[in-house]
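A.B. asks: So that you have it, the file is run28.tsv, and it contains TSV, C-alpha atoms:
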chain	number	residue	atom	x	y	z
A	20	MET	CA	127.89	35.67	135.07
A	21	ARG	CA	124.48	36.26	133.51
A	22	GLN	CA	124.37	34.88	129.97
A	23	PRO	CA	122.92	36.91	127.09
A	24	ARG	CA	119.49	35.85	125.87
A	25	ARG	CA	119.45	33.45	122.94
A	26	ASP	CA	116.01	34.04	121.44
A	27	THR	CA	115.59	35.62	118.01
A	28	ARG	CA	112.57	37.81	118.77
A	29	GLY	CA	112.35	40.74	116.41
A	30	ILE	CA	114.70	39.27	113.78
A	31	VAL	CA	112.84	38.64	110.53
A	32	ASP	CA	113.97	35.25	109.15
A	33	PRO	CA	116.73	34.63	111.70
A	34	ALA	CA	117.81	31.38	110.04
A	35	GLU	CA	118.76	33.23	106.87
A	36	LEU	CA	120.61	35.88	108.89
A	37	LEU	CA	122.70	33.19	110.56
A	38	ARG	CA	123.50	31.63	107.19
A	39	GLN	CA	124.82	34.94	105.89
A	40	VAL	CA	126.74	36.43	108.83
A	41	ARG	CA	128.53	35.64	112.08
A	42	PHE	CA	126.20	36.86	114.81
A	43	ARG	CA	126.84	36.64	118.54
A	44	ARG	CA	125.81	38.26	121.80
A	45	LEU	CA	128.10	38.96	124.74
A	46	ALA	CA	127.35	39.88	128.32
A	47	PRO	CA	128.54	43.26	129.60
A	48	ALA	CA	130.62	43.73	132.73
A	49	ALA	CA	128.75	42.72	135.88
A	50	ALA	CA	128.50	46.37	136.97
A	51	LEU	CA	126.52	47.11	133.78
A	52	ALA	CA	124.20	44.11	133.81
A	53	GLU	CA	121.29	46.03	135.32
A	54	LEU	CA	121.37	48.55	132.48
A	55	VAL	CA	122.72	46.78	129.40
A	56	GLU	CA	120.82	43.88	127.81
A	57	HIS	CA	123.86	42.65	125.89
A	58	TYR	CA	126.49	43.51	123.32
A	59	TRP	CA	125.79	42.25	119.81
A	60	PHE	CA	128.49	41.64	117.23
A	61	ILE	CA	128.05	40.87	113.52
A	62	ASP	CA	130.70	40.20	110.86
A	63	TRP	CA	130.12	39.37	107.22
A	64	ASP	CA	132.04	38.53	104.06
A	65	LEU	CA	129.50	38.21	101.25
A	66	ASP	CA	129.63	37.31	97.59
A	67	ARG	CA	126.38	39.15	96.97
A	68	PRO	CA	124.42	41.79	98.93
A	69	PHE	CA	122.09	40.63	101.67
A	70	GLU	CA	119.27	42.67	103.20
A	71	GLN	CA	118.18	42.06	106.79
A	72	HIS	CA	114.99	43.28	108.47
A	73	VAL	CA	114.36	43.70	112.20
A	74	VAL	CA	111.31	44.65	114.25
A	75	GLY	CA	113.31	46.39	116.94
A	76	HIS	CA	112.96	45.98	120.67
A	77	PRO	CA	111.78	49.13	122.50
A	78	ALA	CA	115.41	49.87	123.32
A	79	VAL	CA	118.16	52.34	122.49
A	80	ASN	CA	121.26	50.94	120.79
A	81	LEU	CA	124.81	52.25	120.45
A	82	VAL	CA	126.11	51.09	117.07
A	83	VAL	CA	129.69	51.14	115.74
A	84	LEU	CA	129.76	50.11	112.09
A	85	GLN	CA	132.13	49.58	109.20
A	86	PRO	CA	129.83	48.72	106.26
A	87	THR	CA	132.70	47.59	103.99
A	88	ALA	CA	136.47	47.44	104.31
A	89	ASP	CA	136.73	50.65	102.25
A	90	ASP	CA	134.31	52.64	104.41
A	91	PRO	CA	135.15	54.66	107.51
A	92	VAL	CA	134.04	53.40	110.90
A	93	THR	CA	131.06	55.33	112.25
A	94	ALA	CA	129.51	55.43	115.73
A	95	GLU	CA	125.93	56.43	116.39
A	96	VAL	CA	123.09	56.07	118.84
A	97	SER	CA	119.92	54.55	117.44
A	98	GLY	CA	116.68	55.40	119.21
A	99	VAL	CA	113.67	53.12	119.51
A	100	ALA	CA	112.62	52.29	115.94
A	101	THR	CA	109.11	53.29	114.92
A	102	GLU	CA	109.07	51.13	111.77
A	103	LEU	CA	110.72	48.06	110.33
A	104	PHE	CA	114.51	48.48	110.36
A	105	SER	CA	116.28	47.32	107.20
A	106	ILE	CA	119.97	47.23	106.38
A	107	LYS	CA	121.73	46.00	103.24
A	108	LEU	CA	125.04	44.25	103.89
A	109	ALA	CA	127.65	43.81	101.17
A	110	GLU	CA	131.25	42.75	100.71
A	111	ARG	CA	133.14	42.50	104.04
A	112	GLY	CA	132.26	44.53	107.11
A	113	TRP	CA	131.31	44.45	110.77
A	114	VAL	CA	129.17	46.05	113.46
A	115	ARG	CA	129.57	46.18	117.23
A	116	GLY	CA	126.45	47.16	119.14
A	117	VAL	CA	125.20	47.82	122.64
A	118	GLN	CA	121.54	47.17	123.38
A	119	PHE	CA	120.53	49.10	126.48
A	120	ARG	CA	117.71	47.76	128.58
A	121	PRO	CA	114.46	49.58	127.84
A	122	GLY	CA	114.30	52.42	130.36
A	123	ALA	CA	118.05	52.43	131.08
A	124	PHE	CA	119.44	54.95	128.62
A	125	PRO	CA	118.82	58.08	130.76
A	126	ALA	CA	121.14	56.59	133.39
A	127	PHE	CA	123.99	57.08	130.93
A	128	SER	CA	122.96	60.28	129.18
A	129	GLY	CA	120.66	62.18	131.52
A	130	ARG	CA	118.43	62.63	128.47
A	131	SER	CA	115.11	61.10	127.55
A	132	PRO	CA	115.29	58.57	124.73
A	133	ALA	CA	112.13	60.22	123.39
A	134	GLU	CA	114.54	62.73	121.80
A	135	LEU	CA	115.98	59.84	119.77
A	136	THR	CA	112.86	57.85	118.91
A	137	GLY	CA	112.89	56.94	115.23
A	138	ARG	CA	116.30	58.60	114.76
A	139	ARG	CA	119.96	57.63	114.36
A	140	VAL	CA	122.29	60.29	115.75
A	141	PRO	CA	126.13	60.50	115.77
A	142	LEU	CA	127.51	59.28	119.08
A	143	ALA	CA	129.32	62.55	119.80
A	144	GLN	CA	126.00	64.41	119.79
A	145	VAL	CA	124.48	62.15	122.42
A	146	LEU	CA	127.13	60.89	124.86
A	147	PRO	CA	130.28	62.63	126.13
A	148	VAL	CA	132.67	59.84	125.18
A	149	ALA	CA	135.59	59.40	122.82
A	150	ASP	CA	134.75	57.64	119.57
A	151	PRO	CA	135.51	53.93	120.21
A	152	GLY	CA	135.99	53.09	116.53
A	153	ASP	CA	139.79	52.87	116.50
A	154	ARG	CA	139.87	50.80	119.67
A	155	LEU	CA	137.31	48.38	118.28
A	156	VAL	CA	139.23	48.04	115.04
A	157	ALA	CA	142.33	47.17	117.08
A	158	ALA	CA	140.49	44.66	119.29
A	159	ALA	CA	141.74	41.23	118.25
A	160	THR	CA	139.00	39.21	119.96
A	161	ASP	CA	135.35	39.55	120.93
A	162	ALA	CA	136.39	39.71	124.57
A	163	ALA	CA	138.73	42.62	123.81
A	164	ALA	CA	135.96	44.44	121.93
A	165	ALA	CA	133.55	43.88	124.82
A	166	ALA	CA	136.17	45.32	127.20
A	167	VAL	CA	136.34	48.46	125.04
A	168	LEU	CA	132.59	48.88	125.35
A	169	ASP	CA	132.69	48.16	129.08
A	170	ASP	CA	135.29	50.91	129.58
A	171	LEU	CA	133.29	53.37	127.51
A	172	LEU	CA	130.04	52.81	129.39
A	173	LEU	CA	131.53	52.54	132.88
A	174	GLY	CA	133.34	55.81	132.23
A	175	LEU	CA	129.94	57.52	132.04
A	176	ARG	CA	129.26	56.52	135.67
A	177	PRO	CA	125.66	55.50	134.99
A	178	ALA	CA	123.26	56.30	137.80
A	179	PRO	CA	119.75	54.84	137.44
A	180	GLY	CA	117.18	56.45	139.69
A	181	GLU	CA	114.05	55.00	141.22
A	182	SER	CA	111.85	56.04	138.30
A	183	GLY	CA	114.23	54.55	135.77
A	184	ARG	CA	114.33	51.26	137.62
A	185	LEU	CA	110.51	51.23	137.76
A	186	ALA	CA	110.34	51.76	134.00
A	187	MET	CA	112.81	48.91	133.43
A	188	ARG	CA	110.82	46.56	135.68
A	189	LEU	CA	107.54	47.36	133.95
A	190	VAL	CA	108.92	46.84	130.45
A	191	ALA	CA	110.46	43.54	131.55
A	192	TRP	CA	107.07	42.49	132.90
A	193	VAL	CA	105.37	43.33	129.59
A	194	ARG	CA	107.96	41.28	127.70
A	195	GLN	CA	107.56	38.24	129.94
A	196	ASP	CA	103.79	38.18	130.58
A	197	ARG	CA	101.66	37.45	127.53
A	198	ALA	CA	98.50	37.90	129.62
A	199	LEU	CA	99.26	41.59	130.15
A	200	ARG	CA	97.39	43.34	127.35
A	201	ARG	CA	96.05	46.65	128.69
A	202	VAL	CA	97.81	49.82	129.74
A	203	GLU	CA	95.35	50.18	132.62
A	204	ASP	CA	96.35	46.78	134.02
A	205	LEU	CA	100.04	47.71	133.89
A	206	ALA	CA	99.33	51.04	135.58
A	207	GLY	CA	97.29	49.34	138.28
A	208	GLU	CA	100.05	46.89	139.11
A	209	ALA	CA	102.53	49.78	139.25
A	210	GLY	CA	100.22	51.70	141.59
A	211	ILE	CA	100.11	54.77	139.35
A	212	SER	CA	97.60	56.31	136.97
A	213	ALA	CA	97.58	55.53	133.26
A	214	ARG	CA	98.61	59.13	132.59
A	215	SER	CA	101.57	58.84	134.95
A	216	LEU	CA	102.55	55.56	133.31
A	217	GLN	CA	102.50	57.26	129.91
A	218	ARG	CA	104.79	60.02	131.19
A	219	LEU	CA	107.13	57.47	132.78
A	220	PHE	CA	107.49	55.46	129.57
A	221	THR	CA	107.92	58.53	127.40
A	222	ARG	CA	110.64	59.87	129.70
A	223	TYR	CA	112.59	56.63	130.19
A	224	VAL	CA	111.69	54.27	127.32
A	225	GLY	CA	111.04	56.67	124.45
A	226	ILE	CA	107.62	55.31	123.42
A	227	GLY	CA	104.38	54.82	125.34
A	228	PRO	CA	103.26	51.68	127.19
A	229	LYS	CA	100.68	50.79	124.54
A	230	GLN	CA	103.39	50.80	121.87
A	231	VAL	CA	105.60	48.58	124.06
A	232	ILE	CA	102.78	46.07	124.55
A	233	LEU	CA	102.07	46.01	120.81
A	234	ARG	CA	105.76	45.62	119.93
A	235	TYR	CA	106.18	42.55	122.11
A	236	ARG	CA	102.94	41.03	120.78
A	237	VAL	CA	104.26	41.34	117.23
A	238	HIS	CA	107.57	39.82	118.34
A	239	GLU	CA	105.74	36.81	119.73
A	240	ALA	CA	103.58	36.45	116.65
A	241	ILE	CA	106.51	36.38	114.23
A	242	GLU	CA	108.42	34.04	116.55
A	243	GLN	CA	105.53	31.56	116.46
A	244	ALA	CA	105.50	31.71	112.65
A	245	ARG	CA	108.56	29.44	112.66
A	246	GLY	CA	106.38	26.43	113.53
A	247	GLU	CA	102.96	25.04	112.63
A	248	VAL	CA	100.56	27.84	113.49
A	249	ASP	CA	96.86	28.20	114.20
A	250	TRP	CA	96.66	31.95	113.71
A	251	ALA	CA	93.22	32.24	115.29
A	252	ALA	CA	94.57	30.59	118.43
A	253	VAL	CA	97.67	32.82	118.42
A	254	ALA	CA	95.47	35.90	118.08
A	255	ALA	CA	93.39	34.82	121.08
A	256	GLU	CA	96.48	33.93	123.13
A	257	LEU	CA	98.07	37.32	122.51
A	258	GLY	CA	94.91	39.27	123.26
A	259	TYR	CA	93.98	40.47	119.77
A	260	SER	CA	90.28	41.15	119.29
A	261	ASP	CA	90.27	38.69	116.37
A	262	GLN	CA	92.58	37.12	113.81
A	263	ALA	CA	92.10	40.04	111.41
A	264	HIS	CA	93.49	42.40	114.05
A	265	LEU	CA	96.63	40.27	114.39
A	266	VAL	CA	97.01	40.13	110.61
A	267	ARG	CA	96.80	43.93	110.34
A	268	GLU	CA	99.40	44.55	113.05
A	269	VAL	CA	101.90	41.97	111.80
A	270	THR	CA	101.49	43.14	108.21
A	271	ALA	CA	102.10	46.73	109.27
A	272	ALA	CA	105.22	45.66	111.19
A	273	ILE	CA	106.95	43.39	108.65
A	274	GLY	CA	105.30	44.24	105.33
A	275	MET	CA	103.51	40.92	104.79
A	276	PRO	CA	100.70	38.95	106.45
A	277	PRO	CA	101.77	36.42	109.07
A	278	ALA	CA	100.69	33.40	106.99
A	279	ALA	CA	102.78	34.62	104.05
A	280	TYR	CA	105.72	35.24	106.36
A	281	ALA	CA	105.39	31.74	107.83
A	282	ALA	CA	105.31	30.25	104.32
A	283	SER	CA	108.46	32.17	103.36
A	284	LEU	CA	110.40	30.44	106.15
A	285	HIS	CA	109.79	26.91	104.85
Represent the structure contained in this file as structure tokens.
C.D. replies:
Amino acid sequence: MRQPRRDTRGIVDPAELLRQVRFRRLAPAAALAELVEHYWFIDWDLDRPFEQHVVGHPAVNLVVLQPTADDPVTAEVSGVATELFSIKLAERGWVRGVQFRPGAFPAFSGRSPAELTGRRVPLAQVLPVADPGDRLVAAATDAAAAAVLDDLLLGLRPAPGESGRLAMRLVAWVRQDRALRRVEDLAGEAGISARSLQRLFTRYVGIGPKQVILRYRVHEAIEQARGEVDWAAVAAELGYSDQAHLVREVTAAIGMPPAAYAASLH
């Protein structure tokens, strides 16, 4: 079975997150592996509130959340984030999430994720499924909770088409290839025009190809901040015009310059 990825790309200060909560990723059923990146589960029991920040992947998430033991369980679909996502955790609570592969969500919903970009919408308004909250509360183990999510998603009979699969392949290429820096290069490799590529990404991913490229560059920059960093070299490696350009983009994404962020981790 394919194992979930273990990197922390997009998580601001992942070491502190792991000190505060129990965080794990689980693989979906094999029949869903093409379309679902992983399930992500978090539980916490805190003496004092803790705020976490995330530069989200260009992906749609299904999120089932109980913020504290006294709160109701809610289920929602979270579109591709357009700014830094922040959540304050307190007391004792949990979240069970599904991260769809970028480009995969229309296979489940028949709708473009562009309708959800920058939004969090109740599950019932997006997918024709029963609220899984009670079943997740009753799940005694992570495996049982993953089985609940498997049943929910398989019940939608997801059907990715050729265009959706192309969008997924192209986003995966952007994520893996640091040398890919221009929309025109991505379009050329796909054998389509830049305008057609823009329409494809808007329809299946929810944001344009330029935004996807920038998002993964920022992910890589903040990941490298965990070690000793030559920011001029990182800027050149990631295709920024100069170090100042990298500083502007990272600051816009996480609210502080990369050197200050790196210093905050040590």
A.B. asks: Please measure the separation of CA of Met275 in chain A and CA of Gln118 in chain A, giving the value in Å to one decimal.
C.D. replies: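 Separation of CA of Met275 in chain A and CA of Gln118 in chain A: 26.6 Å.
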A.B. asks: What lies within 7 Å of range 48-56 of chain A using all atoms listed in the file, ignoring chain neighbours under 4 positions off, as a list of chain:residue names?
C.D. replies: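 Here the qualifying residues turn out to be A:Gln118, A:Phe119, A:Arg120, A:Ala123, A:Asp169.
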A.B. asks: For Val92 in chain A, which residue among A:Gln39, A:Ala109, A:Leu171, A:Arg154 is the nearest when counting only C-alpha atoms?
C.D. replies: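 Closest to Val92 in chain A, using only C-alpha atoms: A:Arg154.
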A.B. asks: Contacts of range 158-164 of chain A at 9 Å or less, counting only C-alpha atoms, minus same-chain residues fewer than 4 places along, as a list in words?
C.D. replies: Leu45, Phe60, Arg115, Asp153, Arg154, Leu168 and Asp169 of chain A
A.B. asks: Excluding Leu81 in chain A and residues on its chain fewer than 3 positions from it, collect all residues at most 7 Å away from it, counting only C-alpha atoms, and give them as a VMD selection string.
C.D. replies: chain A and resid 95 to 97 116 to 118
A.B. asks: How close does each residue of range 153-218 of chain A get to range 124-148 of chain A, giving the shortest atom pair and distance in Å to one decimal for every residue with an atom at most 7 Å away, counting all atoms listed in the file, sorted by chain and residue number, as a tab-separated table?
C.D. replies:
residue	atom	partner	partner_atom	distance
A:Leu171	CA	A:Val148	CA	6.9
A:Leu175	CA	A:Phe127	CA	6.1
A:Pro177	CA	A:Phe127	CA	4.7
A:Ala178	CA	A:Ala126	CA	4.9
A:Pro179	CA	A:Ala126	CA	4.6
A.B. asks: Work out how far CA of Val193 in chain A is from CA of Tyr235 in chain A, in Å to one decimal.
C.D. replies: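 It comes out at 7.6 Å.
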A.B. asks: Name the closest residue to Asp32 in chain A among the candidates A:Val73, A:Val190, A:Val114, A:Val82; distances are taken between atoms, counting only C-alpha atoms.
C.D. replies: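 Under the stated criterion, the closest residue is A:Val73.
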A.B. asks: Rounded to one decimal place, report the CA of Gly75 in chain A-CA of Ala100 in chain A distance in Å.
C.D. replies: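 That distance, rounded to one decimal, is 6.0 Å.
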A.B. asks: Find the residues with any atom within 8 Å of (109.5, 39.9, 116.7); use all atoms listed in the file and the coordinates as given in the file, and write the answer as a PyMOL selection string.
C.D. replies: chain A and resi 27-31+73-75+234-242
A.B. asks: Under the rule that all atoms listed in the file are counted, which of A:Val40, A:Val224, A:Leu189, A:Ala251 is the nearest residue to Val79 in chain A?
C.D. replies: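 Nearest candidate to Val79 in chain A out of A:Val40, A:Val224, A:Leu189, A:Ala251: A:Val224.
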A.B. asks: Please determine, counting only C-alpha atoms, which residue among A:Trp250, A:Phe104, A:Phe220, A:Tyr259 has the shortest atom-to-atom distance to Leu233 in chain A.
C.D. replies: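 When distances to Leu233 in chain A are compared using only C-alpha atoms, the smallest one comes from A:Tyr259.
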A.B. asks: If you count only C-alpha atoms, which residues fall within 12 Å of Glu203 in chain A, apart from same-chain ones fewer than 6 positions away, as a list in words?
C.D. replies: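 Surrounding residues, per the criterion: Ala209, Gly210, Ile211, Ser212, Ala213, Arg214, Ser215, Leu216, Gln217, Pro228, Lys229 and Ile232 of chain A.
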A.B. asks: I need every residue sitting at most 8 Å from the point (108.6, 52.2, 126.0) (coordinates as in the file, only C-alpha atoms considered), written as a ChimeraX atom specification.
C.D. replies: /A:77-78,121-122,190,220-221,223-228,230-231
A.B. asks: In terms of the shortest atom-to-atom distance over all atoms listed in the file, which of A:Arg194, A:Arg41, A:Arg111, A:Arg222 is closest to Asp66 in chain A?
C.D. replies: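 Nearest candidate to Asp66 in chain A out of A:Arg194, A:Arg41, A:Arg111, A:Arg222: A:Arg111.
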A.B. asks: What's around Ala271 in chain A at 10 Å? Count only C-alpha atoms, leave out sequence neighbours fewer than 4 positions away in its own chain, and write the answer as a list in words.
C.D. replies: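 Counting only C-alpha atoms, the residues come to Glu102, Leu103, Val237, Leu265, Val266, Arg267, Met275 and Pro276 of chain A.
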A.B. asks: Would you please work out which residue, of A:Thr87, A:Ser182, A:Thr93, A:Ser105, is nearest to Gln71 in chain A when using only C-alpha atoms?
C.D. replies: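 Looking only at the distances to Gln71 in chain A, the closest residue turns out to be A:Ser105.
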A.B. asks: Please, what is the axis-aligned box for every listed atom of range 82-85 of chain A with 6 Å on each side, as centre and edge lengths in Å to one decimal, as JSON?
C.D. replies:
{"center_x": 129.1, "center_y": 50.4, "center_z": 113.1, "size_x": 18.0, "size_y": 13.6, "size_z": 19.9}
